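**Q** So that you have it, the file is start_27.txt, and it contains compact mmCIF, C-alpha atoms:
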```txt
# COMPACT_ATOMS: atom_id res chain seq x y z
CA MET A 1 45.27 -5.76 15.27
CA GLU A 2 44.51 -3.31 12.45
CA VAL A 3 42.81 -6.08 10.48
CA VAL A 4 40.64 -7.01 13.45
CA ILE A 5 39.65 -3.37 13.96
CA ALA A 6 38.83 -2.99 10.25
CA VAL A 7 36.71 -6.16 10.29
CA GLY A 8 34.87 -4.96 13.38
CA ILE A 9 34.13 -1.55 11.84
CA THR A 10 32.94 -3.21 8.63
CA ALA A 11 30.66 -5.55 10.59
CA PHE A 12 29.27 -2.64 12.60
CA ILE A 13 28.53 -0.68 9.41
CA GLY A 14 26.87 -3.80 7.95
CA VAL A 15 24.60 -4.12 10.99
CA ILE A 16 23.61 -0.46 10.76
CA LEU A 17 22.85 -0.80 7.05
CA GLY A 18 20.82 -3.98 7.67
CA VAL A 19 18.73 -2.33 10.37
CA SER A 20 18.21 0.71 8.14
CA PHE A 21 17.08 -1.44 5.21
CA ASN A 22 14.68 -3.44 7.41
CA THR A 23 13.19 -0.24 8.82
CA THR A 24 12.78 1.18 5.33
CA ILE A 25 11.07 -1.98 4.07
CA LYS A 26 8.69 -2.06 7.05
CA ASN A 27 7.82 1.63 6.58
CA LYS A 28 7.24 0.99 2.89
CA GLU A 29 4.85 -1.88 3.69
CA ILE A 30 2.96 0.28 6.21
CA ILE A 31 2.59 3.16 3.74
CA GLU A 32 1.49 0.83 0.96
CA GLY A 33 -1.04 -0.78 3.31
CA GLN A 34 -2.45 2.63 4.25
CA ALA A 35 -2.63 3.68 0.59
CA GLU A 36 -4.50 0.48 -0.31
CA HIS A 37 -6.88 1.01 2.61
CA TYR A 38 -7.82 4.51 1.45
CA ARG A 39 -7.95 3.46 -2.21
CA MET A 40 -10.44 0.73 -1.31
CA LEU A 41 -12.40 3.23 0.80
CA ARG A 42 -12.66 5.74 -2.04
CA ALA A 43 -13.65 3.05 -4.51
CA ALA A 44 -16.35 1.72 -2.17
CA MET A 45 -17.82 5.16 -1.49
CA ASN A 46 -17.78 6.11 -5.18
CA ARG A 47 -19.44 2.87 -6.20
CA MET A 48 -22.18 3.12 -3.58
CA THR A 49 -22.84 6.75 -4.52
CA ARG A 50 -23.14 5.87 -8.21
CA GLU A 51 -25.38 2.86 -7.71
CA ILE A 52 -27.67 4.48 -5.13
CA GLY A 53 -27.91 7.57 -7.33
CA ALA A 54 -29.40 5.39 -10.10
CA ALA A 55 -31.93 3.67 -7.80
CA TYR A 56 -35.49 3.40 -9.08
CA VAL A 57 -38.83 1.68 -8.59
CA SER A 58 -41.21 0.84 -11.41
CA ASP A 59 -44.85 -0.03 -11.86
CA ARG A 60 -44.01 -1.85 -15.10
CA TYR A 61 -44.49 -5.44 -13.98
CA ASP A 62 -47.03 -8.20 -14.47
CA PRO A 63 -49.61 -7.75 -11.68
CA LYS A 64 -50.78 -11.33 -12.14
CA ARG A 65 -47.31 -12.66 -11.36
CA TYR A 66 -46.31 -10.07 -8.77
CA ARG A 67 -49.37 -9.65 -6.62
CA ASP A 68 -48.36 -6.67 -4.47
CA GLN A 69 -45.49 -4.38 -3.51
CA TYR A 70 -43.81 -7.12 -1.48
CA ASP A 71 -43.56 -9.32 -4.57
CA ARG A 72 -42.67 -6.79 -7.24
CA PRO A 73 -39.12 -7.00 -8.63
CA THR A 74 -38.18 -3.35 -7.98
CA ASN A 75 -38.16 -1.79 -4.52
CA PHE A 76 -36.07 0.35 -2.20
CA ILE A 77 -35.78 -1.23 1.25
CA GLY A 78 -33.50 0.67 3.58
CA THR A 79 -32.83 0.37 7.30
CA ARG A 80 -30.17 1.93 9.49
CA GLU A 81 -27.68 -0.89 8.84
CA LYS A 82 -28.70 -2.41 5.50
CA LEU A 83 -29.89 -1.25 2.10
CA ILE A 84 -31.34 -3.31 -0.76
CA PHE A 85 -32.65 -1.66 -3.91
CA SER A 86 -33.11 -1.90 -7.67
CA THR A 87 -30.83 0.31 -9.76
CA LEU A 88 -30.03 1.21 -13.35
CA ALA A 89 -26.27 1.29 -12.71
CA HIS A 90 -25.34 -2.22 -13.83
CA GLN A 91 -22.29 -2.42 -16.09
CA ARG A 92 -21.80 -5.41 -18.36
CA LEU A 93 -18.30 -6.85 -18.13
CA TYR A 94 -18.50 -9.22 -21.09
CA ALA A 95 -19.51 -8.64 -24.68
CA ASP A 96 -22.90 -10.06 -25.69
CA ALA A 97 -23.77 -10.82 -22.07
CA LYS A 98 -27.51 -11.31 -21.67
CA GLU A 99 -27.79 -8.57 -19.09
CA SER A 100 -29.42 -5.15 -19.00
CA ASP A 101 -28.52 -2.01 -17.08
CA GLN A 102 -30.85 -3.11 -14.27
CA MET A 103 -29.87 -5.05 -11.16
CA VAL A 104 -30.62 -5.53 -7.49
CA VAL A 105 -27.91 -4.46 -5.04
CA GLU A 106 -27.60 -5.00 -1.31
CA TYR A 107 -25.09 -3.43 1.11
CA SER A 108 -24.44 -4.63 4.64
CA VAL A 109 -21.56 -5.28 7.03
CA LYS A 110 -21.10 -8.92 7.95
CA SER A 111 -18.51 -11.70 8.09
CA ALA A 112 -16.11 -11.65 5.17
CA PRO A 113 -17.11 -13.97 2.29
CA ASP A 114 -13.47 -15.10 2.03
CA PRO A 115 -13.08 -18.24 4.20
CA LYS A 116 -9.43 -17.32 4.79
CA ALA A 117 -10.46 -14.08 6.54
CA LYS A 118 -12.00 -15.60 9.66
CA GLY A 119 -13.08 -13.12 12.31
CA ARG A 120 -13.01 -10.16 9.92
CA ASN A 121 -16.07 -8.10 9.03
CA ASP A 122 -16.37 -6.51 5.60
CA LEU A 123 -18.72 -4.18 3.80
CA VAL A 124 -20.35 -6.81 1.61
CA ARG A 125 -22.09 -6.05 -1.68
CA ARG A 126 -24.58 -8.50 -3.18
CA GLU A 127 -25.53 -8.12 -6.83
CA ASN A 128 -28.29 -9.90 -8.74
CA VAL A 129 -28.82 -9.08 -12.42
CA LEU A 130 -32.04 -11.10 -12.57
CA LEU A 131 -35.03 -9.05 -11.46
CA GLU A 132 -37.48 -11.95 -11.74
CA GLU A 133 -36.73 -13.29 -8.25
CA ARG A 134 -37.54 -11.85 -4.83
CA MET A 135 -35.08 -9.07 -4.10
CA GLU A 136 -33.59 -10.66 -1.00
CA ARG A 137 -32.63 -13.84 -2.87
CA GLY A 138 -30.00 -14.83 -5.40
CA GLY A 139 -26.99 -13.07 -6.81
CA VAL A 140 -23.34 -13.10 -5.83
CA GLU A 141 -21.52 -11.48 -2.92
CA ASP A 142 -18.11 -9.87 -2.70
CA SER A 143 -16.26 -7.60 -0.29
CA LEU A 144 -16.50 -3.94 -1.20
CA PHE A 145 -14.40 -2.76 1.74
CA GLU A 146 -12.34 -5.02 4.00
CA GLY A 147 -12.23 -4.55 7.75
CA ALA A 148 -15.38 -2.45 8.10
CA LYS A 149 -16.79 -2.05 11.61
CA LYS A 150 -20.31 -1.01 10.63
CA ILE A 151 -22.26 1.04 8.12
CA GLU A 152 -25.16 3.39 8.67
CA PHE A 153 -27.68 4.74 6.18
CA GLN A 154 -30.06 7.67 6.55
CA TYR A 155 -32.72 8.79 4.10
CA TRP A 156 -33.75 12.37 3.37
CA ASN A 157 -37.48 13.06 3.53
CA SER A 158 -37.90 16.13 1.35
CA GLU A 159 -41.43 16.74 2.59
CA ARG A 160 -40.57 16.74 6.29
CA LYS A 161 -37.09 18.17 5.68
CA GLN A 162 -35.40 15.63 7.92
CA TRP A 163 -33.29 12.47 7.89
CA GLU A 164 -35.03 9.17 8.60
CA ASP A 165 -33.58 5.82 9.66
CA GLU A 166 -35.61 3.66 7.29
CA TRP A 167 -37.33 3.81 3.92
CA ASP A 168 -39.47 0.99 2.52
CA THR A 169 -41.31 1.28 -0.82
CA ARG A 170 -43.20 -1.92 -0.06
CA ARG A 171 -45.41 0.19 2.17
CA THR A 172 -48.43 1.60 0.41
CA GLU A 173 -47.75 5.19 1.40
CA ARG A 174 -44.24 5.03 -0.10
CA LYS A 175 -44.58 2.55 -2.93
CA SER A 176 -43.91 5.21 -5.58
CA ILE A 177 -41.52 7.54 -3.74
CA LEU A 178 -37.80 7.32 -3.04
CA PRO A 179 -35.74 9.54 -0.75
CA THR A 180 -34.07 12.39 -2.59
CA ARG A 181 -30.75 11.74 -0.83
CA VAL A 182 -29.07 8.92 1.09
CA LYS A 183 -26.39 9.58 3.69
CA ILE A 184 -23.73 6.85 3.96
CA THR A 185 -21.51 6.59 7.04
CA LEU A 186 -18.85 3.88 7.08
CA PHE A 187 -16.97 3.05 10.30
CA SER A 188 -13.48 1.56 10.22
CA THR A 189 -10.12 1.79 11.99
CA ASP A 190 -7.12 3.87 10.95
CA GLU A 191 -3.44 2.88 10.94
CA ASN A 192 -3.27 3.46 14.72
CA GLY A 193 -6.24 1.21 15.47
CA LYS A 194 -8.52 4.16 16.27
CA GLU A 195 -12.12 4.01 15.08
CA VAL A 196 -12.92 6.59 12.44
CA LYS A 197 -15.95 7.28 10.27
CA TYR A 198 -16.28 8.40 6.69
CA THR A 199 -19.43 10.05 5.39
CA THR A 200 -20.78 10.89 1.96
CA GLN A 201 -24.17 11.42 0.32
CA ALA A 202 -25.84 10.10 -2.82
CA ARG A 203 -28.52 12.05 -4.66
CA ILE A 204 -31.21 9.87 -6.24
CA MET A 205 -32.21 11.18 -9.64
CA LEU A 206 -35.34 9.08 -10.26
CA ASN A 207 -37.08 9.53 -6.93
CA THR A 208 -40.59 8.87 -8.25
CA GLU A 209 -42.03 5.65 -9.64
CA LEU A 210 -41.68 4.89 -13.35
CA PRO A 211 -45.35 4.65 -14.44
CA ARG A 212 -46.90 1.75 -16.29
CA TYR A 213 -47.37 2.16 -20.02
CA GLN A 214 -50.93 3.03 -20.94
```
For the structure just supplied, provide its representation as structure tokens.
**A**
Amino acid sequence: MEVVIAVGITAFIGVILGVSFNTTIKNKEIIEGQAEHYRMLRAAMNRMTREIGAAYVSDRYDPKRYRDQYDRPTNFIGTREKLIFSTLAHQRLYADAKESDQMVVEYSVKSAPDPKAKGRNDLVRRENVLLEERMERGGVEDSLFEGAKKIEFQYWNSERKQWEDEWDTRRTERKSILPTRVKITLFSTDENGKEVKYTTQARIMLNTELPRYQ
């Protein structure tokens, strides 16, 4: 009888320890998932701020090849939900790569590029290091932030002292002017499934057109 009681107590203790270990492992996975979520969020915001801050437009192009503002290789085309622009923030990853510090970048929320992530929307970043093509073409895409709901951009008009929902340097009246600041608002869900938003701002340093050499 004593042996049976001892075995039963040992089994009971084993069950308690097993449940405790499983709970600990699950909590560890949840915490690690939350930490990765916020790490990815910070990295995405920091990268967008850096790249938008180095945005520029230039009049230094061949007017015979690029006939007007719609054709020129550098522009800043922003709407409420998408932003495409030329920037000086490119970083070369390989030695002797035939790349400069210039590139075209596009941000938007759409279906994840990863075919294994069906039904998931991501903040997608497209990068093209060749400025000879039309800005909306070419380059490679990758997910900057997984599980994004939507993204919103607003552009500060320093003359009117107000935020605007679009900014297009292809228009004649704005072909040489960039907004001084861009507000970025990213919508996602937290660990409880509740929608939350994260906001930051990028200050554009070169907010006037780089003039053509005389």
**Q** From the set A:Phe153, A:Phe76, A:Phe145, A:Tyr56, which residue has the shortest atom-to-atom contact distance to Asn207 of chain A, counting only C-alpha atoms?
**A** A:Tyr56
**Q** Using atom CA of Lys183 of chain A and atom CA of Val129 of chain A as the two end points, give the distance in Å to one decimal.
**A**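 Atom CA of Val129 of chain A lies 24.8 Å from atom CA of Lys183 of chain A.
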**Q** Work out how far apart atom CA of Leu186 of chain A and atom CA of Lys150 of chain A are and give it in Å to one decimal.
**A**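 Those two atoms sit 6.2 Å apart.
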**Q** Excluding segment 88-97 of chain A and residues on its chain fewer than 6 positions from it, collect all residues at most 7 Å away from it, counting only C-alpha atoms, and give them as a list in words.
**A** Glu51, Ala54, Ala55 and Met103 of chain A
**Q** For segment 111-123 of chain A, I'd like the enclosing box, axis-aligned and padded by 8 Å on every side, reported as AutoDock Vina command-line options with centre and edge lengths in Å to one decimal.
**A**
```
--center_x -14.1 --center_y -11.2 --center_z 7.2 --size_x 25.3 --size_y 30.1 --size_z 26.3
```
**Q** Atom CA of Ile184 of chain A to atom CA of Ser111 of chain A: how many Å, to one decimal?
**A**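 Atom CA of Ile184 of chain A sits 19.7 Å away from atom CA of Ser111 of chain A.
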